[in-house]
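Visitor: Handing over data-v9.cif, mmCIF, C-alpha atoms.
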data_work
#
loop_
_atom_site.group_PDB
_atom_site.id
_atom_site.type_symbol
_atom_site.label_atom_id
_atom_site.label_comp_id
_atom_site.auth_asym_id
_atom_site.auth_seq_id
_atom_site.Cartn_x
_atom_site.Cartn_y
_atom_site.Cartn_z
ATOM 1 C CA MET A 1 80.263 110.993 121.770
ATOM 2 C CA GLU A 2 79.936 110.979 117.968
ATOM 3 C CA SER A 3 82.740 113.531 117.719
ATOM 4 C CA LYS A 4 84.981 111.356 119.906
ATOM 5 C CA HIS A 5 84.230 108.325 117.746
ATOM 6 C CA VAL A 6 85.135 110.192 114.538
ATOM 7 C CA HIS A 7 88.393 111.433 116.072
ATOM 8 C CA GLN A 8 89.262 107.909 117.159
ATOM 9 C CA GLN A 9 88.524 106.614 113.662
ATOM 10 C CA ILE A 10 90.738 109.289 112.105
ATOM 11 C CA ALA A 11 93.575 108.623 114.543
ATOM 12 C CA ALA A 12 93.319 104.876 113.898
ATOM 13 C CA MET A 13 93.347 105.396 110.125
ATOM 14 C CA ARG A 14 96.355 107.664 110.401
ATOM 15 C CA GLN A 15 98.265 105.213 112.577
ATOM 16 C CA SER A 16 97.500 102.351 110.214
ATOM 17 C CA PHE A 17 99.145 104.274 107.357
ATOM 18 C CA PHE A 18 102.384 104.407 109.353
ATOM 19 C CA ASP A 19 102.090 100.824 110.611
ATOM 20 C CA GLU A 20 101.623 99.578 107.024
ATOM 21 C CA GLU A 21 104.463 101.898 105.881
ATOM 22 C CA VAL A 22 102.164 103.478 103.340
ATOM 23 C CA LEU A 23 103.308 106.847 104.706
ATOM 24 C CA ASP A 24 106.648 107.895 106.156
ATOM 25 C CA GLU A 25 107.768 110.715 108.484
ATOM 26 C CA LYS A 26 107.604 113.269 105.677
ATOM 27 C CA PHE A 27 103.813 113.169 106.073
ATOM 28 C CA SER A 28 104.214 114.166 109.723
ATOM 29 C CA GLN A 29 106.386 117.091 108.639
ATOM 30 C CA LEU A 30 103.618 118.227 106.284
ATOM 31 C CA GLU A 31 101.109 118.126 109.132
ATOM 32 C CA GLN A 32 103.227 120.572 111.107
ATOM 33 C CA LEU A 33 102.934 123.117 108.294
ATOM 34 C CA GLU A 34 99.182 123.290 108.886
ATOM 35 C CA GLY A 35 97.948 126.205 110.908
ATOM 36 C CA LYS A 36 94.772 128.069 111.784
ATOM 37 C CA ASP A 37 94.977 129.926 108.475
ATOM 38 C CA ASN A 38 95.230 126.742 106.430
ATOM 39 C CA PRO A 39 93.601 123.900 108.399
ATOM 40 C CA ASN A 40 93.123 121.696 105.314
ATOM 41 C CA PHE A 41 96.602 122.298 103.938
ATOM 42 C CA VAL A 42 97.688 118.650 103.879
ATOM 43 C CA GLU A 43 94.491 117.629 102.106
ATOM 44 C CA GLU A 44 95.060 120.382 99.521
ATOM 45 C CA VAL A 45 98.632 119.202 98.954
ATOM 46 C CA PHE A 46 97.448 115.652 98.431
ATOM 47 C CA THR A 47 94.712 116.815 96.044
ATOM 48 C CA MET A 48 97.473 118.462 94.001
ATOM 49 C CA TYR A 49 99.691 115.378 94.294
ATOM 50 C CA PHE A 50 96.931 113.002 93.174
ATOM 51 C CA ARG A 51 95.940 115.257 90.286
ATOM 52 C CA ASP A 52 99.498 115.486 88.957
ATOM 53 C CA SER A 53 100.475 111.881 89.722
ATOM 54 C CA THR A 54 97.406 110.484 87.972
ATOM 55 C CA ALA A 55 98.386 112.488 84.883
ATOM 56 C CA PHE A 56 102.032 111.324 85.190
ATOM 57 C CA LEU A 57 101.002 107.669 85.362
ATOM 58 C CA GLU A 58 98.657 107.997 82.397
ATOM 59 C CA THR A 59 101.450 109.616 80.365
ATOM 60 C CA ILE A 60 103.871 106.843 81.329
ATOM 61 C CA GLU A 61 101.342 104.145 80.436
ATOM 62 C CA GLN A 62 100.737 105.785 77.057
ATOM 63 C CA ALA A 63 104.468 106.170 76.431
ATOM 64 C CA MET A 64 104.998 102.458 77.125
ATOM 65 C CA LYS A 65 102.523 101.620 74.360
ATOM 66 C CA THR A 66 104.326 103.617 71.670
ATOM 67 C CA ILE A 67 106.857 101.986 69.358
ATOM 68 C CA PRO A 68 109.682 102.583 69.910
ATOM 69 C CA ILE A 69 109.355 103.315 73.622
ATOM 70 C CA ASP A 70 110.834 106.672 74.588
ATOM 71 C CA SER A 71 112.773 105.518 77.644
ATOM 72 C CA ILE A 72 114.119 108.985 78.394
ATOM 73 C CA LYS A 73 110.614 110.442 78.486
ATOM 74 C CA VAL A 74 109.435 107.619 80.766
ATOM 75 C CA ASP A 75 112.426 108.084 83.068
ATOM 76 C CA ASN A 76 111.917 111.860 83.266
ATOM 77 C CA ILE A 77 108.306 111.402 84.334
ATOM 78 C CA LEU A 78 109.254 108.680 86.829
ATOM 79 C CA HIS A 79 111.835 111.124 88.170
ATOM 80 C CA GLN A 80 109.128 113.742 88.744
ATOM 81 C CA LEU A 81 106.862 111.184 90.355
ATOM 82 C CA LYS A 82 109.740 110.139 92.592
ATOM 83 C CA GLY A 83 110.287 113.707 93.766
ATOM 84 C CA SER A 84 106.650 114.480 94.504
ATOM 85 C CA SER A 85 106.025 111.098 96.166
ATOM 86 C CA ALA A 86 109.047 111.610 98.413
ATOM 87 C CA SER A 87 107.863 115.126 99.262
ATOM 88 C CA VAL A 88 104.464 113.963 100.549
ATOM 89 C CA GLY A 89 105.711 110.823 102.298
ATOM 90 C CA ALA A 90 104.124 108.322 99.882
ATOM 91 C CA ASN A 91 106.555 105.619 100.972
ATOM 92 C CA LYS A 92 105.328 102.532 99.115
ATOM 93 C CA VAL A 93 104.604 104.479 95.912
ATOM 94 C CA LEU A 94 108.153 105.851 96.105
ATOM 95 C CA LYS A 95 109.578 102.334 96.474
ATOM 96 C CA GLU A 96 107.729 101.142 93.370
ATOM 97 C CA VAL A 97 108.952 104.187 91.420
ATOM 98 C CA ASN A 98 112.543 103.425 92.474
ATOM 99 C CA LYS A 99 112.225 99.751 91.501
ATOM 100 C CA THR A 100 110.798 100.642 88.103
ATOM 101 C CA ARG A 101 113.498 103.238 87.425
ATOM 102 C CA GLN A 102 116.202 100.726 88.273
ATOM 103 C CA VAL A 103 114.780 98.188 85.845
ATOM 104 C CA LEU A 104 114.341 100.837 83.152
ATOM 105 C CA GLY A 105 117.920 101.971 83.725
ATOM 106 C CA LYS A 106 119.116 98.469 82.838
ATOM 107 C CA GLY A 107 117.227 98.616 79.531
ATOM 108 C CA ASN A 108 114.752 95.934 80.555
ATOM 109 C CA LEU A 109 111.559 97.159 78.877
ATOM 110 C CA GLU A 110 109.459 94.104 79.690
ATOM 111 C CA GLY A 111 110.519 94.413 83.299
ATOM 112 C CA THR A 112 109.654 98.095 83.179
ATOM 113 C CA LYS A 113 106.153 97.311 81.912
ATOM 114 C CA ALA A 114 105.669 94.913 84.816
ATOM 115 C CA GLY A 115 107.056 97.533 87.191
ATOM 116 C CA ILE A 116 104.636 100.141 85.938
ATOM 117 C CA LEU A 117 101.724 97.750 86.511
ATOM 118 C CA GLU A 118 102.859 97.294 90.123
ATOM 119 C CA LEU A 119 103.338 101.044 90.488
ATOM 120 C CA ARG A 120 99.820 101.669 89.198
ATOM 121 C CA LYS A 121 98.401 99.118 91.686
ATOM 122 C CA GLU A 122 100.276 100.671 94.582
ATOM 123 C CA TYR A 123 99.316 104.202 93.602
ATOM 124 C CA ASP A 124 95.608 103.344 93.201
ATOM 125 C CA SER A 125 95.636 101.592 96.577
ATOM 126 C CA PHE A 126 97.343 104.617 98.176
ATOM 127 C CA LYS A 127 94.803 107.040 96.713
ATOM 128 C CA ALA A 128 91.910 104.796 97.814
ATOM 129 C CA LYS A 129 93.236 104.862 101.396
ATOM 130 C CA LEU A 130 94.123 108.535 101.712
ATOM 131 C CA GLU A 131 91.107 110.154 100.089
ATOM 132 C CA PRO A 132 88.544 108.805 102.618
ATOM 133 C CA TYR A 133 90.950 109.755 105.417
ATOM 134 C CA PHE A 134 91.079 113.378 104.264
ATOM 135 C CA GLN A 135 87.301 113.497 103.793
ATOM 136 C CA LYS A 136 86.801 112.392 107.405
ATOM 137 C CA LEU A 137 89.458 114.843 108.578
ATOM 138 C CA LYS A 138 87.838 117.725 106.733
ATOM 139 C CA GLN A 139 84.455 116.867 108.269
ATOM 140 C CA ALA A 140 85.978 116.707 111.745
ATOM 141 C CA ASN A 141 87.760 120.049 111.238
ATOM 142 C CA SER A 142 84.532 121.705 109.982
ATOM 143 C CA VAL A 143 82.621 120.481 113.019
ATOM 144 C CA ALA A 144 85.404 121.731 115.305
ATOM 145 C CA GLN A 145 85.378 125.169 113.683
ATOM 146 C CA GLU A 146 81.591 125.487 114.082
ATOM 147 C CA LYS A 147 81.850 124.975 117.861
ATOM 148 C CA MET B 1 72.048 135.417 123.440
ATOM 149 C CA ALA B 2 75.113 134.317 125.338
ATOM 150 C CA PRO B 3 77.181 131.673 123.578
ATOM 151 C CA THR B 4 76.870 128.234 125.155
ATOM 152 C CA LEU B 5 80.014 126.627 126.396
ATOM 153 C CA PRO B 6 80.713 123.118 125.138
ATOM 154 C CA SER B 7 80.042 120.328 127.623
ATOM 155 C CA SER B 8 83.115 119.112 129.489
ATOM 156 C CA ASP B 9 83.087 115.851 127.472
ATOM 157 C CA GLN B 10 83.103 117.722 124.161
ATOM 158 C CA ALA B 11 85.745 120.186 125.348
ATOM 159 C CA SER B 12 88.088 117.385 126.447
ATOM 160 C CA ASP B 13 87.632 115.531 123.125
ATOM 161 C CA GLN B 14 88.547 118.660 121.188
ATOM 162 C CA ASP B 15 91.384 119.421 123.596
ATOM 163 C CA ASN B 16 92.711 115.899 123.201
ATOM 164 C CA TRP B 17 92.481 116.192 119.433
ATOM 165 C CA ASP B 18 94.303 119.546 119.373
ATOM 166 C CA ASN B 19 96.845 118.471 121.972
ATOM 167 C CA GLY B 20 97.646 115.336 120.009
ATOM 168 C CA ARG B 21 98.307 117.339 116.878
ATOM 169 C CA LEU B 22 100.300 119.923 118.823
ATOM 170 C CA ALA B 23 102.405 117.212 120.438
ATOM 171 C CA ARG B 24 103.277 115.832 117.011
ATOM 172 C CA LYS B 25 104.235 119.326 115.873
ATOM 173 C CA ARG B 26 106.498 119.871 118.860
ATOM 174 C CA GLN B 27 108.259 116.618 118.211
ATOM 175 C CA LEU B 28 109.224 117.538 114.692
ATOM 176 C CA LEU B 29 109.316 121.308 114.372
ATOM 177 C CA ILE B 30 112.729 122.910 114.536
ATOM 178 C CA GLU B 31 111.896 126.395 115.676
ATOM 179 C CA ILE B 32 113.999 129.365 114.715
ATOM 180 C CA VAL B 33 113.339 133.073 114.822
ATOM 181 C CA LEU B 34 114.835 135.022 111.964
ATOM 182 C CA ARG B 35 116.046 138.540 112.795
ATOM 183 C CA ASN B 36 116.162 139.641 109.166
ATOM 184 C CA LYS B 37 113.728 139.468 106.291
ATOM 185 C CA LEU B 38 115.118 136.785 104.018
ATOM 186 C CA THR B 39 114.017 136.123 100.455
ATOM 187 C CA ALA B 40 114.235 132.921 98.460
ATOM 188 C CA LEU B 41 113.615 131.741 94.924
ATOM 189 C CA VAL B 42 112.426 128.152 94.501
ATOM 190 C CA VAL B 43 113.053 126.622 91.083
ATOM 191 C CA ASP B 44 111.305 123.264 90.710
ATOM 192 C CA GLY B 45 109.411 121.808 87.770
ATOM 193 C CA ASP B 46 107.143 119.707 89.974
ATOM 194 C CA THR B 47 104.195 121.624 91.408
ATOM 195 C CA THR B 48 103.891 119.562 94.601
ATOM 196 C CA CYS B 49 107.605 119.865 95.396
ATOM 197 C CA ARG B 50 107.715 123.576 94.591
ATOM 198 C CA VAL B 51 104.633 124.408 96.678
ATOM 199 C CA LEU B 52 105.939 122.394 99.642
ATOM 200 C CA GLU B 53 109.409 123.935 99.465
ATOM 201 C CA GLN B 54 107.896 127.417 99.372
ATOM 202 C CA LEU B 55 105.563 126.620 102.247
ATOM 203 C CA LEU B 56 108.410 125.253 104.332
ATOM 204 C CA LEU B 57 110.402 128.442 103.747
ATOM 205 C CA ARG B 58 107.378 130.626 104.523
ATOM 206 C CA SER B 59 106.796 128.753 107.776
ATOM 207 C CA TYR B 60 110.164 130.192 108.862
ATOM 208 C CA GLY B 61 109.205 133.683 107.717
ATOM 209 C CA VAL B 62 111.124 133.643 104.427
ATOM 210 C CA GLN B 63 109.499 135.526 101.548
ATOM 211 C CA THR B 64 109.489 133.264 98.516
ATOM 212 C CA GLN B 65 108.885 133.241 94.811
ATOM 213 C CA GLY B 66 108.618 130.111 92.713
ATOM 214 C CA VAL B 67 109.273 129.320 89.062
ATOM 215 C CA ASP B 68 108.888 125.989 87.340
ATOM 216 C CA ASN B 69 111.746 126.025 84.849
ATOM 217 C CA GLY B 70 115.373 127.083 84.507
ATOM 218 C CA ARG B 71 114.802 129.667 81.783
ATOM 219 C CA ASP B 72 112.328 131.644 83.896
ATOM 220 C CA ALA B 73 114.714 131.475 86.840
ATOM 221 C CA VAL B 74 117.551 132.954 84.775
ATOM 222 C CA ALA B 75 115.238 135.615 83.333
ATOM 223 C CA LEU B 76 114.011 136.615 86.790
ATOM 224 C CA ILE B 77 117.552 136.993 88.106
ATOM 225 C CA ALA B 78 118.625 138.843 84.935
ATOM 226 C CA SER B 79 115.785 141.321 85.495
ATOM 227 C CA GLY B 80 117.534 142.429 88.655
ATOM 228 C CA VAL B 81 115.459 140.695 91.332
ATOM 229 C CA LYS B 82 117.701 139.728 94.235
ATOM 230 C CA PHE B 83 117.354 136.800 96.591
ATOM 231 C CA ASP B 84 119.251 135.683 99.673
ATOM 232 C CA LEU B 85 118.760 132.061 98.725
ATOM 233 C CA ILE B 86 118.026 130.147 95.536
ATOM 234 C CA ILE B 87 116.818 126.571 95.821
ATOM 235 C CA ILE B 88 117.109 124.863 92.463
ATOM 236 C CA ASP B 89 116.319 121.351 91.258
ATOM 237 C CA MET B 90 118.849 119.687 89.001
ATOM 238 C CA ILE B 91 116.292 118.424 86.521
ATOM 239 C CA LEU B 92 114.103 121.184 85.152
ATOM 240 C CA PRO B 93 112.094 121.676 81.981
ATOM 241 C CA VAL B 94 113.161 124.128 79.244
ATOM 242 C CA LEU B 95 116.592 124.852 80.783
ATOM 243 C CA ASN B 96 118.022 122.293 83.196
ATOM 244 C CA GLY B 97 119.180 123.157 86.695
ATOM 245 C CA LEU B 98 122.885 122.726 85.957
ATOM 246 C CA GLU B 99 122.879 125.169 83.041
ATOM 247 C CA ALA B 100 120.558 127.588 84.856
ATOM 248 C CA THR B 101 122.950 127.559 87.837
ATOM 249 C CA ARG B 102 125.956 128.250 85.573
ATOM 250 C CA GLN B 103 124.151 131.140 83.878
ATOM 251 C CA ILE B 104 123.082 132.636 87.211
ATOM 252 C CA ARG B 105 126.650 132.455 88.517
ATOM 253 C CA ASP B 106 127.998 133.886 85.247
ATOM 254 C CA MET B 107 125.816 136.945 85.887
ATOM 255 C CA GLY B 108 127.890 137.577 88.994
ATOM 256 C CA VAL B 109 125.229 136.440 91.443
ATOM 257 C CA HIS B 110 126.883 135.322 94.671
ATOM 258 C CA CYS B 111 123.869 134.460 96.818
ATOM 259 C CA LYS B 112 123.585 131.066 98.505
ATOM 260 C CA MET B 113 122.438 128.438 96.060
ATOM 261 C CA LEU B 114 121.072 125.168 97.320
ATOM 262 C CA GLY B 115 120.923 122.387 94.760
ATOM 263 C CA VAL B 116 118.259 119.774 95.362
ATOM 264 C CA THR B 117 117.632 116.602 93.486
ATOM 265 C CA ILE B 118 115.976 113.267 93.989
ATOM 266 C CA CYS B 119 119.158 111.585 92.664
ATOM 267 C CA SER B 120 121.687 111.412 95.454
ATOM 268 C CA GLY B 121 124.750 109.882 93.825
ATOM 269 C CA GLU B 122 128.238 111.301 94.303
ATOM 270 C CA SER B 123 128.522 112.087 90.581
ATOM 271 C CA GLU B 124 125.314 114.166 90.696
ATOM 272 C CA ARG B 125 126.628 115.980 93.747
ATOM 273 C CA GLN B 126 129.957 116.801 92.136
ATOM 274 C CA VAL B 127 128.374 117.979 88.894
ATOM 275 C CA PHE B 128 125.925 120.250 90.704
ATOM 276 C CA LEU B 129 128.634 121.714 92.953
ATOM 277 C CA ALA B 130 130.844 122.274 89.901
ATOM 278 C CA ALA B 131 127.972 124.132 88.201
ATOM 279 C CA GLY B 132 127.946 126.581 91.098
ATOM 280 C CA VAL B 133 125.622 125.521 93.901
ATOM 281 C CA ASP B 134 127.030 125.915 97.406
ATOM 282 C CA VAL B 135 125.189 123.026 98.989
ATOM 283 C CA PHE B 136 123.704 119.840 97.570
ATOM 284 C CA ILE B 137 120.720 118.239 99.258
ATOM 285 C CA GLU B 138 118.776 115.150 98.388
ATOM 286 C CA LYS B 139 115.039 115.747 98.032
ATOM 287 C CA PRO B 140 112.786 116.191 99.835
ATOM 288 C CA LEU B 141 113.938 119.411 101.450
ATOM 289 C CA ASP B 142 113.619 119.108 105.220
ATOM 290 C CA PRO B 143 114.013 121.415 108.248
ATOM 291 C CA GLU B 144 117.129 119.558 109.412
ATOM 292 C CA HIS B 145 119.064 120.728 106.346
ATOM 293 C CA LEU B 146 117.285 124.018 105.775
ATOM 294 C CA VAL B 147 117.432 125.541 109.263
ATOM 295 C CA PRO B 148 121.263 125.747 109.538
ATOM 296 C CA ILE B 149 121.351 127.455 106.142
ATOM 297 C CA LEU B 150 118.695 129.984 107.197
ATOM 298 C CA ARG B 151 120.547 130.652 110.472
ATOM 299 C CA GLU B 152 123.758 131.265 108.526
ATOM 300 C CA LEU B 153 122.011 133.661 106.139
ATOM 301 C CA ASP B 154 120.424 135.416 109.103
ATOM 302 C CA GLY B 155 123.837 135.904 110.680
ATOM 303 C CA GLN B 156 123.000 133.784 113.727
#
As a first step, turn the structure in this file into structure tokens.
Guide:
Amino acid sequence: MESKHVHQQIAAMRQSFFDEEVLDEKFSQLEQLEGKDNPNFVEEVFTMYFRDSTAFLETIEQAMKTIPIDSIKVDNILHQLKGSSASVGANKVLKEVNKTRQVLGKGNLEGTKAGILELRKEYDSFKAKLEPYFQKLKQANSVAQEK
Amino acid sequence: MAPTLPSSDQASDQDNWDNGRLARKRQLLIEIVLRNKLTALVVDGDTTCRVLEQLLLRSYGVQTQGVDNGRDAVALIASGVKFDLIIIDMILPVLNGLEATRQIRDMGVHCKMLGVTICSGESERQVFLAAGVDVFIEKPLDPEHLVPILRELDGQ
């Protein structure tokens, strides 16, 4: 019964990510790359993504505090964040990256600062949602493997 | 001691869980069987992208290597290592993807080169094709674009 409840919770969490458009179909494609040999593959990918993206955001935030602002450096890092976010299906994070890049591309530095604040909010919210999901998933997979 | 079988309730929960995941896989997976052993080089400065691209290729049975900058890609090719396919990002550290592609082609390498980039404008496409890639794909790399290329390389 407990196992069924956990599985239902996980399924509901997962569905909510798609309903809220936090994740897109790229996430589903990642899930299909999981196999018996690498049952926690998606979680490992997201651990890597969160590690690198946190560092990217911190670098961007630091770069925006320097005078003069190195717009090329900021854009290059946003570009990387765009690529990795698209690769894992982080839909809303990707949208904020795109918005910020557009504003930066027009030379609007104040707008870029505001965009980066929104990006940071969205990213932190995304991380706060996905990490508990993967913890539950890992627990459910461990229990399944013990049986 | 004989192993105990799970109760029917537990077995059906686990079955439902596995079947749900399998159903999702069947919906999305484009299955192909490669007759030949193909090799690919993935050149991407972003770790997440590079790992995922390599994993996607490996899921189809392609042997892959990955490097994270254009200079290492050129050096690897110059050392004589051959690949059936090179997947290269336009924006790379140290040596960018455009220049790395030109240098690889200047070495006389004729293998299939797939240019990928998160920027999907026509100008980016034209510049990358002019540098020497055969195909230009917007990131992220997906089975829909990759599978026809693998089939072609496999002679299917």
Visitor: Could you tell me which residues the PyMOL selection byres ((chain B and resi 140) around 9) grabs in this file, written as a VMD selection string?
Guide: (chain A and resid 26 83 to 84 86 to 88) or (chain B and resid 49 53 116 to 118 137 to 139 141 to 142)
Visitor: Give as a list in words the residues that the PyMOL selection byres ((chain A) within 8 of (chain B)) matches when applied to the coordinates above.
Guide: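 Given this file, the PyMOL selection byres ((chain A) within 8 of (chain B)) evaluates to Met1, Ser3, Lys4, His7, Ser28, Gln29, Glu31, Gln32, Leu33, Val45, Met48, Tyr49, His79, Gln80, Lys82, Gly83, Ser84, Ala86, Ser87, Ala144 and Lys147 of chain A.
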Visitor: With C-alpha atoms retained, export the selected residues as a PDB file, in the frame of the given file.
Guide:
ATOM      1  CA  MET A   1      80.263 110.993 121.770  1.00  0.00           C
ATOM      2  CA  SER A   3      82.740 113.531 117.719  1.00  0.00           C
ATOM      3  CA  LYS A   4      84.981 111.356 119.906  1.00  0.00           C
ATOM      4  CA  HIS A   7      88.393 111.433 116.072  1.00  0.00           C
ATOM      5  CA  SER A  28     104.214 114.166 109.723  1.00  0.00           C
ATOM      6  CA  GLN A  29     106.386 117.091 108.639  1.00  0.00           C
ATOM      7  CA  GLU A  31     101.109 118.126 109.132  1.00  0.00           C
ATOM      8  CA  GLN A  32     103.227 120.572 111.107  1.00  0.00           C
ATOM      9  CA  LEU A  33     102.934 123.117 108.294  1.00  0.00           C
ATOM     10  CA  VAL A  45      98.632 119.202  98.954  1.00  0.00           C
ATOM     11  CA  MET A  48      97.473 118.462  94.001  1.00  0.00           C
ATOM     12  CA  TYR A  49      99.691 115.378  94.294  1.00  0.00           C
ATOM     13  CA  HIS A  79     111.835 111.124  88.170  1.00  0.00           C
ATOM     14  CA  GLN A  80     109.128 113.742  88.744  1.00  0.00           C
ATOM     15  CA  LYS A  82     109.740 110.139  92.592  1.00  0.00           C
ATOM     16  CA  GLY A  83     110.287 113.707  93.766  1.00  0.00           C
ATOM     17  CA  SER A  84     106.650 114.480  94.504  1.00  0.00           C
ATOM     18  CA  ALA A  86     109.047 111.610  98.413  1.00  0.00           C
ATOM     19  CA  SER A  87     107.863 115.126  99.262  1.00  0.00           C
ATOM     20  CA  ALA A 144      85.404 121.731 115.305  1.00  0.00           C
ATOM     21  CA  LYS A 147      81.850 124.975 117.861  1.00  0.00           C
TER      22      LYS A 147
END
Visitor: Please provide as a VMD selection string all residues within 8 Å of stretch 75-85 of chain B, with the sequence filter that same-chain residues fewer than 6 positions apart are discarded (counting all atoms listed in the file).
Guide: chain B and resid 38 to 41 104 107 111 to 114 153
Visitor: Can you work out the spacing between atom CA of A:Ala114 and atom CA of A:Thr54 in Å, to one decimal?
Guide: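 Atom-to-atom, atom CA of A:Ala114 and atom CA of A:Thr54 are spaced 17.9 Å apart.
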Visitor: What's the 12 Å shell around B:Gly155, counting all atoms listed in the file, without same-chain residues fewer than 2 positions away, as a PDB file with C-alpha atoms, in the frame of the given file?
Guide:
ATOM      1  CA  VAL B  33     113.339 133.073 114.822  1.00  0.00           C
ATOM      2  CA  LEU B  34     114.835 135.022 111.964  1.00  0.00           C
ATOM      3  CA  ARG B  35     116.046 138.540 112.795  1.00  0.00           C
ATOM      4  CA  ASN B  36     116.162 139.641 109.166  1.00  0.00           C
ATOM      5  CA  LYS B  37     113.728 139.468 106.291  1.00  0.00           C
ATOM      6  CA  LEU B  38     115.118 136.785 104.018  1.00  0.00           C
ATOM      7  CA  ASP B  84     119.251 135.683  99.673  1.00  0.00           C
ATOM      8  CA  PRO B 148     121.263 125.747 109.538  1.00  0.00           C
ATOM      9  CA  ILE B 149     121.351 127.455 106.142  1.00  0.00           C
ATOM     10  CA  LEU B 150     118.695 129.984 107.197  1.00  0.00           C
ATOM     11  CA  ARG B 151     120.547 130.652 110.472  1.00  0.00           C
ATOM     12  CA  GLU B 152     123.758 131.265 108.526  1.00  0.00           C
ATOM     13  CA  LEU B 153     122.011 133.661 106.139  1.00  0.00           C
TER      14      LEU B 153
END
Visitor: Residues picked by the PyMOL selection byres ((chain B and resi 124) around 12) here, as a count of residues only?
Guide: 25
Visitor: Between atom CA of A:Phe17 and atom CA of A:Phe46, what distance in Å does the model show, to one decimal?
Guide: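 Separating atom CA of A:Phe17 from atom CA of A:Phe46 is a distance of 14.6 Å.
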Visitor: Quick check, in Å to one decimal: how far apart do atom CA of A:Ala90 and atom CA of A:Gly115 lie?
Guide: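 Result for atom CA of A:Ala90 versus atom CA of A:Gly115: 16.9 Å, one decimal.
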Visitor: Excluding B:Val67 and residues on its chain fewer than 3 positions from it, collect all residues at most 7 Å away from it, counting only C-alpha atoms, and give them as number ranges by chain.
Guide: B: 42-44, 72-73
Visitor: Given the point (105.9, 105.0, 76.9) in the coordinates of this file, which residues lie within 12 Å, counting only C-alpha atoms, and how would they look as a count of residues only?
Guide: 29
Visitor: Which residue is closest to A:Asn91? Choose from A:Leu23, A:Val6, A:Val103, A:Ala11 and count all atoms listed in the file.
Guide: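 The answer is A:Leu23, which sits nearest to A:Asn91.
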